[in-house]
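Enquirer: Just query36.csv, nothing more (CSV, C-alpha atoms):
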```csv
chain,number,residue,atom,x,y,z
A,1,MET,CA,75.3,131.6,-14.2
A,2,THR,CA,75.2,134.2,-11.4
A,3,PRO,CA,77.9,133.5,-8.8
A,4,ASP,CA,76.7,132.5,-5.4
A,5,MET,CA,79.4,134.6,-3.7
A,6,GLU,CA,81.5,137.5,-5.1
A,7,LEU,CA,84.1,139.3,-3.2
A,8,ALA,CA,85.6,142.5,-4.5
A,9,LEU,CA,88.5,144.1,-2.7
A,10,PRO,CA,91.9,145.8,-3.1
A,11,ALA,CA,94.7,143.4,-4.1
A,12,ARG,CA,96.5,143.6,-0.8
A,13,ALA,CA,98.2,140.8,1.1
A,14,GLU,CA,96.1,141.3,4.2
A,15,ASN,CA,92.9,140.8,2.2
A,16,ILE,CA,93.9,137.2,1.3
A,17,ALA,CA,93.1,136.1,4.8
A,18,LEU,CA,89.7,137.6,4.5
A,19,ILE,CA,89.1,135.6,1.3
A,20,ARG,CA,90.2,132.4,3.0
A,21,HIS,CA,87.7,133.1,5.8
A,22,ALA,CA,84.9,133.6,3.4
A,23,PHE,CA,85.7,130.2,1.7
A,24,GLY,CA,85.9,128.7,5.2
A,25,ALA,CA,82.3,129.8,5.8
A,26,LEU,CA,81.3,128.5,2.4
A,27,GLY,CA,82.9,125.1,3.1
A,28,GLU,CA,81.4,124.8,6.5
A,29,THR,CA,77.9,125.7,5.3
A,30,LEU,CA,78.1,123.2,2.6
A,31,ALA,CA,79.6,120.5,4.8
A,32,VAL,CA,82.5,120.1,2.5
A,33,ASP,CA,85.1,117.6,3.5
A,34,GLU,CA,87.8,119.3,5.5
A,35,GLU,CA,90.7,118.1,3.4
A,36,LEU,CA,89.0,119.2,0.2
A,37,LEU,CA,88.2,122.5,1.8
A,38,SER,CA,91.8,123.0,2.6
A,39,ASP,CA,92.7,122.3,-1.0
A,40,VAL,CA,90.1,124.9,-2.2
A,41,ARG,CA,91.4,127.5,0.2
A,42,LEU,CA,95.0,126.8,-0.7
A,43,ALA,CA,94.3,127.0,-4.4
A,44,VAL,CA,92.4,130.2,-4.0
A,45,THR,CA,95.1,131.6,-1.8
A,46,GLU,CA,97.7,130.9,-4.4
A,47,ALA,CA,95.7,132.5,-7.2
A,48,CYS,CA,95.0,135.6,-5.0
A,49,SER,CA,98.7,135.8,-4.0
A,50,ASN,CA,99.6,135.8,-7.6
A,51,VAL,CA,97.4,138.8,-8.1
A,52,VAL,CA,98.8,140.6,-5.1
A,53,VAL,CA,102.4,140.0,-6.1
A,54,HIS,CA,102.3,140.2,-9.9
A,55,ALA,CA,99.2,142.0,-11.2
A,56,TYR,CA,99.9,145.6,-10.0
A,57,ALA,CA,102.7,147.9,-9.0
A,58,ASP,CA,103.5,147.7,-5.3
A,59,ASP,CA,102.3,151.2,-4.5
A,60,ALA,CA,99.1,151.0,-6.5
A,61,PRO,CA,97.1,147.8,-5.7
A,62,GLY,CA,94.2,147.4,-8.1
A,63,PRO,CA,91.0,145.4,-7.8
A,64,LEU,CA,90.9,141.8,-6.9
A,65,GLU,CA,87.6,139.9,-7.5
A,66,VAL,CA,86.8,136.3,-6.4
A,67,LEU,CA,83.7,134.7,-7.6
A,68,ALA,CA,82.4,131.3,-6.4
A,69,THR,CA,79.6,129.4,-8.2
A,70,LEU,CA,78.0,126.2,-7.0
A,71,ASP,CA,76.4,124.0,-9.6
A,72,ASP,CA,75.4,120.4,-9.1
A,73,GLY,CA,78.3,119.6,-6.7
A,74,THR,CA,80.9,121.5,-8.6
A,75,LEU,CA,82.4,124.6,-7.2
A,76,THR,CA,83.8,127.0,-9.7
A,77,VAL,CA,86.1,129.8,-8.5
A,78,VAL,CA,87.2,132.6,-10.6
A,79,VAL,CA,90.0,135.0,-9.4
A,80,ARG,CA,90.1,138.1,-11.5
A,81,ASP,CA,92.3,141.1,-11.8
A,82,GLU,CA,92.9,144.1,-14.0
A,83,GLY,CA,96.6,143.7,-14.4
A,84,PRO,CA,98.5,143.3,-17.6
A,85,GLY,CA,97.9,139.5,-17.8
A,86,ILE,CA,99.9,136.4,-17.2
A,87,ALA,CA,103.3,136.6,-18.8
A,88,PRO,CA,106.8,135.3,-18.0
A,89,HIS,CA,108.5,137.1,-15.1
A,90,PRO,CA,112.2,136.1,-15.1
A,91,ASP,CA,112.7,138.3,-12.0
A,92,SER,CA,109.8,136.7,-10.1
A,93,PRO,CA,110.5,136.5,-6.3
A,94,GLY,CA,108.6,133.2,-6.1
A,95,LEU,CA,109.6,129.6,-6.9
A,96,GLY,CA,107.3,129.3,-9.9
A,97,LEU,CA,105.1,126.7,-8.2
A,98,GLY,CA,101.9,128.6,-7.8
A,99,LEU,CA,100.0,127.7,-11.0
A,100,PRO,CA,101.2,124.1,-11.0
A,101,LEU,CA,100.1,123.8,-7.4
A,102,ILE,CA,96.7,125.1,-8.3
A,103,ALA,CA,96.5,122.6,-11.1
A,104,SER,CA,97.3,119.8,-8.7
A,105,LEU,CA,94.6,120.9,-6.3
A,106,ALA,CA,91.8,121.7,-8.6
A,107,GLU,CA,89.9,119.5,-11.0
A,108,SER,CA,90.5,121.9,-13.8
A,109,VAL,CA,92.2,125.2,-14.3
A,110,GLN,CA,91.7,127.7,-17.0
A,111,LEU,CA,93.7,130.9,-17.5
A,112,GLY,CA,92.4,133.6,-19.7
A,113,ARG,CA,90.7,137.0,-20.0
A,114,ASP,CA,87.0,137.9,-19.7
A,115,GLU,CA,85.0,140.0,-22.1
A,116,GLN,CA,86.4,143.2,-20.4
A,117,GLU,CA,90.0,142.0,-20.9
A,118,ARG,CA,90.5,141.3,-17.2
A,119,THR,CA,92.8,138.4,-16.3
A,120,GLU,CA,91.1,135.4,-14.9
A,121,VAL,CA,92.1,132.1,-13.3
A,122,CYS,CA,89.2,129.8,-13.3
A,123,MET,CA,89.3,126.7,-11.1
A,124,THR,CA,86.8,123.9,-10.6
A,125,PHE,CA,86.5,121.5,-7.6
A,126,SER,CA,84.2,118.6,-7.3
A,127,LEU,CA,82.8,119.0,-3.8
A,128,PHE,CA,81.1,115.7,-3.2
A,129,GLY,CA,82.3,113.3,-5.9
A,130,ASP,CA,85.7,111.9,-6.8
A,131,GLN,CA,88.2,114.7,-7.1
A,132,ALA,CA,90.9,114.1,-9.7
A,133,ASN,CA,93.7,115.6,-7.6
A,134,GLY,CA,97.0,115.9,-9.4
A,135,THR,CA,95.5,115.1,-12.8
A,136,SER,CA,94.3,118.5,-14.0
A,137,SER,CA,96.2,120.6,-16.4
A,138,ILE,CA,96.5,124.3,-16.9
A,139,ALA,CA,94.7,125.4,-19.9
A,140,ALA,CA,94.1,128.7,-21.7
A,141,ALA,CA,90.5,129.9,-21.6
A,142,GLU,CA,90.4,130.0,-25.4
A,143,GLY,CA,91.0,126.7,-27.0
A,144,VAL,CA,91.4,124.6,-23.9
A,145,ALA,CA,94.3,122.3,-24.3
A,146,PRO,CA,96.7,120.4,-22.1
A,147,ALA,CA,99.4,122.6,-20.7
A,148,GLU,CA,102.2,120.8,-22.5
A,149,GLU,CA,100.6,121.7,-25.8
A,150,GLN,CA,100.6,125.4,-25.2
A,151,ASP,CA,103.9,126.2,-23.5
A,152,ASP,CA,104.4,128.9,-26.0
A,153,GLN,CA,101.2,130.6,-25.0
A,154,ILE,CA,101.2,130.5,-21.3
A,155,ASP,CA,104.1,129.9,-19.0
A,156,PRO,CA,102.7,128.3,-15.8
A,157,THR,CA,105.6,129.6,-13.8
A,158,SER,CA,105.1,133.1,-14.9
A,159,ARG,CA,103.1,133.8,-11.8
A,160,THR,CA,104.3,132.0,-8.8
B,1,MET,CA,85.4,145.6,0.4
B,2,SER,CA,82.2,144.4,-1.1
B,3,LEU,CA,80.5,141.0,-0.8
B,4,ARG,CA,77.7,139.9,-3.1
B,5,VAL,CA,76.1,136.7,-1.9
B,6,ALA,CA,73.1,134.6,-2.9
B,7,THR,CA,70.2,134.7,-0.3
B,8,GLY,CA,70.2,131.3,1.2
B,9,PRO,CA,72.4,129.3,3.6
B,10,LEU,CA,75.6,131.0,2.5
B,11,ALA,CA,74.5,134.6,3.2
B,12,GLY,CA,74.8,134.5,7.0
B,13,PRO,CA,78.0,132.6,7.6
B,14,VAL,CA,79.9,134.4,4.9
B,15,LEU,CA,78.9,137.9,6.1
B,16,ASN,CA,79.7,137.0,9.7
B,17,ARG,CA,83.2,135.7,8.8
B,18,VAL,CA,84.0,138.7,6.6
B,19,ALA,CA,82.6,141.2,9.1
B,20,ALA,CA,84.5,139.5,12.0
B,21,MET,CA,87.8,139.9,10.1
B,22,ILE,CA,87.2,143.6,9.3
B,23,LEU,CA,86.1,144.3,12.9
B,24,ALA,CA,89.2,142.6,14.3
B,25,ARG,CA,91.4,144.5,11.9
B,26,ALA,CA,89.8,147.7,13.0
B,27,SER,CA,90.7,146.8,16.7
B,28,CYS,CA,87.0,146.7,17.6
B,29,PRO,CA,86.6,145.9,21.3
B,30,LEU,CA,85.0,142.6,22.2
B,31,ASP,CA,81.7,143.9,23.4
B,32,ARG,CA,81.0,145.8,20.2
B,33,PHE,CA,82.4,142.9,18.2
B,34,ASP,CA,79.6,140.7,19.6
B,35,ASP,CA,77.0,143.4,19.0
B,36,ALA,CA,78.2,143.8,15.4
B,37,LEU,CA,77.9,140.1,14.7
B,38,ILE,CA,74.4,139.9,16.2
B,39,LEU,CA,73.5,142.8,13.9
B,40,CYS,CA,75.0,140.9,11.0
B,41,ASP,CA,73.0,137.8,12.0
B,42,ALA,CA,69.8,139.8,12.1
B,43,ILE,CA,70.4,141.4,8.7
B,44,SER,CA,71.2,138.0,7.1
B,45,ALA,CA,68.1,136.5,8.6
B,46,TYR,CA,65.6,139.2,7.6
B,47,ALA,CA,67.1,140.8,4.5
B,48,PRO,CA,66.3,138.0,2.1
B,49,ALA,CA,62.6,138.9,2.3
B,50,HIS,CA,63.3,142.4,1.1
B,51,VAL,CA,65.8,141.9,-1.8
B,52,ARG,CA,65.3,143.0,-5.3
B,53,ASP,CA,66.2,139.6,-6.8
B,54,SER,CA,68.1,136.7,-5.3
B,55,HIS,CA,71.3,138.3,-4.1
B,56,LEU,CA,72.4,140.7,-1.4
B,57,VAL,CA,75.4,143.0,-1.6
B,58,TYR,CA,77.2,144.0,1.6
B,59,THR,CA,79.9,146.7,1.5
B,60,LEU,CA,82.0,147.0,4.7
B,61,SER,CA,84.4,149.8,5.3
B,62,ALA,CA,86.3,150.7,8.4
B,63,GLY,CA,87.0,154.2,9.6
B,64,GLU,CA,88.4,155.7,12.8
B,65,CYS,CA,86.5,153.7,15.5
B,66,VAL,CA,83.6,153.0,13.2
B,67,ILE,CA,82.5,150.4,10.7
B,68,GLU,CA,80.0,151.2,8.0
B,69,LEU,CA,77.9,148.4,6.7
B,70,ARG,CA,76.0,149.0,3.5
B,71,VAL,CA,73.2,146.6,2.6
B,72,ALA,CA,72.3,146.9,-1.1
B,73,GLU,CA,70.1,145.4,-3.7
B,74,LEU,CA,67.0,145.9,-1.5
B,75,ARG,CA,63.8,146.6,-3.2
B,76,THR,CA,62.1,149.9,-2.7
B,77,GLY,CA,60.8,150.0,0.9
B,78,GLY,CA,63.0,147.0,1.7
B,79,ALA,CA,65.2,148.9,4.1
B,80,ALA,CA,62.3,149.9,6.3
B,81,GLY,CA,60.9,146.4,6.1
B,82,LEU,CA,64.2,144.9,7.1
B,83,ILE,CA,64.4,147.2,10.2
B,84,ASP,CA,60.8,146.4,11.1
B,85,ASP,CA,61.3,142.7,10.9
B,86,ALA,CA,64.3,142.9,13.3
B,87,ARG,CA,62.0,143.7,16.2
B,88,LEU,CA,62.1,140.8,18.7
B,89,PRO,CA,59.8,140.3,21.7
B,90,ASP,CA,61.5,141.3,25.0
B,91,VAL,CA,64.6,142.4,23.1
B,92,GLY,CA,63.4,145.3,20.9
B,93,ASN,CA,64.7,146.1,17.5
B,94,VAL,CA,68.1,144.4,17.0
B,95,ILE,CA,69.1,146.7,14.2
B,96,GLU,CA,68.2,149.9,16.0
B,97,ARG,CA,69.8,148.6,19.2
B,98,TYR,CA,73.1,147.6,17.9
B,99,SER,CA,73.8,150.2,15.2
B,100,GLU,CA,74.5,153.9,16.0
B,101,SER,CA,73.0,155.3,12.8
B,102,ARG,CA,70.8,154.1,10.0
B,103,ARG,CA,70.0,155.8,6.7
B,104,VAL,CA,68.4,154.8,3.5
B,105,GLU,CA,69.7,155.8,0.0
B,106,PRO,CA,68.5,155.0,-3.4
B,107,ALA,CA,70.5,152.4,-5.1
B,108,LEU,CA,73.3,153.7,-7.3
B,109,ASP,CA,72.1,151.7,-10.2
B,110,GLY,CA,68.7,153.3,-10.0
B,111,GLY,CA,66.7,150.3,-8.8
B,112,GLY,CA,65.6,149.8,-5.2
B,113,GLU,CA,67.5,151.1,-2.2
B,114,GLU,CA,70.4,150.6,0.2
B,115,LEU,CA,70.4,150.6,4.0
B,116,ILE,CA,73.6,152.1,5.5
B,117,LEU,CA,74.4,151.3,9.1
B,118,THR,CA,77.2,152.4,11.3
B,119,ILE,CA,78.7,150.6,14.3
B,120,ASP,CA,80.8,152.9,16.6
B,121,PHE,CA,83.4,151.7,19.0
B,122,ALA,CA,85.1,154.7,20.4
```
Could you write out this structure as structure tokens?

Expert:
Amino acid sequence: MTPDMELALPARAENIALIRHAFGALGETLAVDEELLSDVRLAVTEACSNVVVHAYADDAPGPLEVLATLDDGTLTVVVRDEGPGIAPHPDSPGLGLGLPLIASLAESVQLGRDEQERTEVCMTFSLFGDQANGTSSIAAAEGVAPAEEQDDQIDPTSRT
Amino acid sequence: MSLRVATGPLAGPVLNRVAAMILARASCPLDRFDDALILCDAISAYAPAHVRDSHLVYTLSAGECVIELRVAELRTGGAAGLIDDARLPDVGNVIERYSESRRVEPALDGGGEELILTIDFA
């Protein structure tokens, strides 16, 4: 499905505010509940912050893409980068709460790679129905499974 | 940065928010800030009639006292049609009035064309 909105910009910290603004416009246009819109923006901010902090070397920010697709009341957001992928970072400056926070805010989260081997975090939000906040799990894109079954594949604290 | 958005209710608000942020970052003065947002409103309103398919691509870049706005995925002849449509009674042409330069280039992917506008704020 073709995304309704795609943003492509350098993975720099100042650009995260721009992405938040774009999602603000999306939420207002669709009359999304304010609390849910805050959740969406926070989850997207976390995913984008992970890209800014972890995906590229400090002096060479690469591309950051954010895609939003609306389908039958479900908003799917994909945050994509061309970094080396999601792997444990023992020296991470963060608290290791980023991906668990995204999982608690979104209805579902998938981590994986697209056909061009770009790293993707795919989140879904139910815009107008019951949102299962706090019940989603982090899953790998290939072979979706609850996070606890695949700790050896993806460490959810590897990107804060 | 580039923004690809479906023609429809999202197109105007998202472009305005993103453009406002880029203008603010570029220290655009308030009078030109308003002009630029009026220009974005006009483009969002009239461009959907001239797109190649169902999406518009905006590329915004800031230079020294100038913002360049590139409107892509227009069909051939769409740039001229978009400018023509932006002519309002008693106001004149909004796109010509609020942008300093306008040029049309063939699309990089070979289909249709792109309208490139600049907004100066020296």

Enquirer: Residues of chain A within 10 Å of chain B, using only C-alpha atoms, as JSON, numbers by chain?

Expert: {"A": [2, 3, 4, 5, 6, 7, 8, 9, 10, 14, 15, 17, 18, 19, 20, 21, 22, 23, 24, 25, 26, 27, 28, 29, 30, 63, 64, 65, 66, 67, 68, 69]}

Enquirer: I'd like the interatomic distance between atom CA of B:Ala26 and atom CA of B:Val51, to a tenth of an Å.

Expert: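 Computing the Euclidean distance for atom CA of B:Ala26 and atom CA of B:Val51 yields 28.8 Å.
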
Enquirer: Do a neighbour search on A:Leu36 at 9 Å with only C-alpha atoms, toss out local chain neighbours closer than 6 positions, and write the hits as a PyMOL selection string.

Expert: chain A and resi 27+105+125-127+131

Enquirer: Those residues you just picked out, can you put them in a file as a PDB file, in the frame of the given file with C-alpha atoms?

Expert:
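Below is the file that was written, selection.pdb:
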```pdb
ATOM      1  CA  GLY A  27      82.900 125.100   3.100  1.00  0.00           C
ATOM      2  CA  LEU A 105      94.600 120.900  -6.300  1.00  0.00           C
ATOM      3  CA  PHE A 125      86.500 121.500  -7.600  1.00  0.00           C
ATOM      4  CA  SER A 126      84.200 118.600  -7.300  1.00  0.00           C
ATOM      5  CA  LEU A 127      82.800 119.000  -3.800  1.00  0.00           C
ATOM      6  CA  GLN A 131      88.200 114.700  -7.100  1.00  0.00           C
TER       7      GLN A 131
END
```

Enquirer: Which value, in Å to one decimal, gives the distance between atom CA of B:Gly111 and atom CA of A:Met1?

Expert: 21.3 Å

Enquirer: Could you state the separation of atom CA of B:Asp41 and atom CA of B:Asp120 in Å, given to one decimal place?

Expert: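 Taking atom CA of B:Asp41 as the start and atom CA of B:Asp120 as the end point, the length is 17.6 Å.
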
Enquirer: Which residues are near B:Ala42? Cut-off 8 Å, only C-alpha atoms, ignore same chain within fewer than 5 positions. Put them as a PyMOL selection string.

Expert: chain B and resi 86+94-95

Enquirer: Determine the nearest neighbour of A:Arg12 from the options A:Ala60, A:Leu42, A:Met123, A:Ala103, counting all atoms listed in the file.

Expert: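 Among A:Ala60, A:Leu42, A:Met123, A:Ala103, it is A:Ala60 that comes nearest to A:Arg12.
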
Enquirer: Around (68.4, 154.9, -2.1) in the file's frame, which residues reach within 12 Å when counting all atoms listed in the file? Return as a list in words?

Expert: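 Output of the proximity query reads Arg70, Val71, Ala72, Glu73, Leu74, Arg75, Thr76, Gly77, Gly78, Ala79, Ala80, Arg103, Val104, Glu105, Pro106, Ala107, Leu108, Asp109, Gly110, Gly111, Gly112, Glu113, Glu114, Leu115 and Ile116 of chain B.
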
Enquirer: Rank A:Ala11, A:Ala43, A:Ala31, A:Ile86 by their smallest atom-to-atom distance to A:Glu120, using all atoms listed in the file, and report the top residue only.

Expert: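 For A:Glu120, the nearest of the given residues is A:Ile86.
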
Enquirer: Near B:Ser27, within 12 Å and counting only C-alpha atoms, which residues show up once chain neighbours fewer than 4 positions away are dropped, as a ChimeraX atom specification?

Expert: /B:20-23,31-33,62-67,120-122

Enquirer: Store the residues picked out above in a file with C-alpha atoms, as a PDB file, in the frame of the given file.

Expert:
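Contents of part-v5.pdb, freshly written:
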```pdb
ATOM      1  CA  ALA B  20      84.500 139.500  12.000  1.00  0.00           C
ATOM      2  CA  MET B  21      87.800 139.900  10.100  1.00  0.00           C
ATOM      3  CA  ILE B  22      87.200 143.600   9.300  1.00  0.00           C
ATOM      4  CA  LEU B  23      86.100 144.300  12.900  1.00  0.00           C
ATOM      5  CA  ASP B  31      81.700 143.900  23.400  1.00  0.00           C
ATOM      6  CA  ARG B  32      81.000 145.800  20.200  1.00  0.00           C
ATOM      7  CA  PHE B  33      82.400 142.900  18.200  1.00  0.00           C
ATOM      8  CA  ALA B  62      86.300 150.700   8.400  1.00  0.00           C
ATOM      9  CA  GLY B  63      87.000 154.200   9.600  1.00  0.00           C
ATOM     10  CA  GLU B  64      88.400 155.700  12.800  1.00  0.00           C
ATOM     11  CA  CYS B  65      86.500 153.700  15.500  1.00  0.00           C
ATOM     12  CA  VAL B  66      83.600 153.000  13.200  1.00  0.00           C
ATOM     13  CA  ILE B  67      82.500 150.400  10.700  1.00  0.00           C
ATOM     14  CA  ASP B 120      80.800 152.900  16.600  1.00  0.00           C
ATOM     15  CA  PHE B 121      83.400 151.700  19.000  1.00  0.00           C
ATOM     16  CA  ALA B 122      85.100 154.700  20.400  1.00  0.00           C
TER      17      ALA B 122
END
```

Enquirer: Hey, what's within 12 Å of B:Arg87 if we count only C-alpha atoms and toss same-chain stuff fewer than 5 positions away? As a list in words, please?

Expert: Leu39, Ala42, Ile43, Tyr46, Ala80, Gly81, Leu82, Gly92, Asn93, Val94, Ile95, Glu96, Arg97 and Tyr98 of chain B

Enquirer: Closest to A:Val78 among A:Glu34, A:Asp114, A:Asp59, A:Asp39, using all atoms listed in the file?

Expert: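 Comparing A:Glu34, A:Asp114, A:Asp59, A:Asp39 against A:Val78, the winner is A:Asp114.
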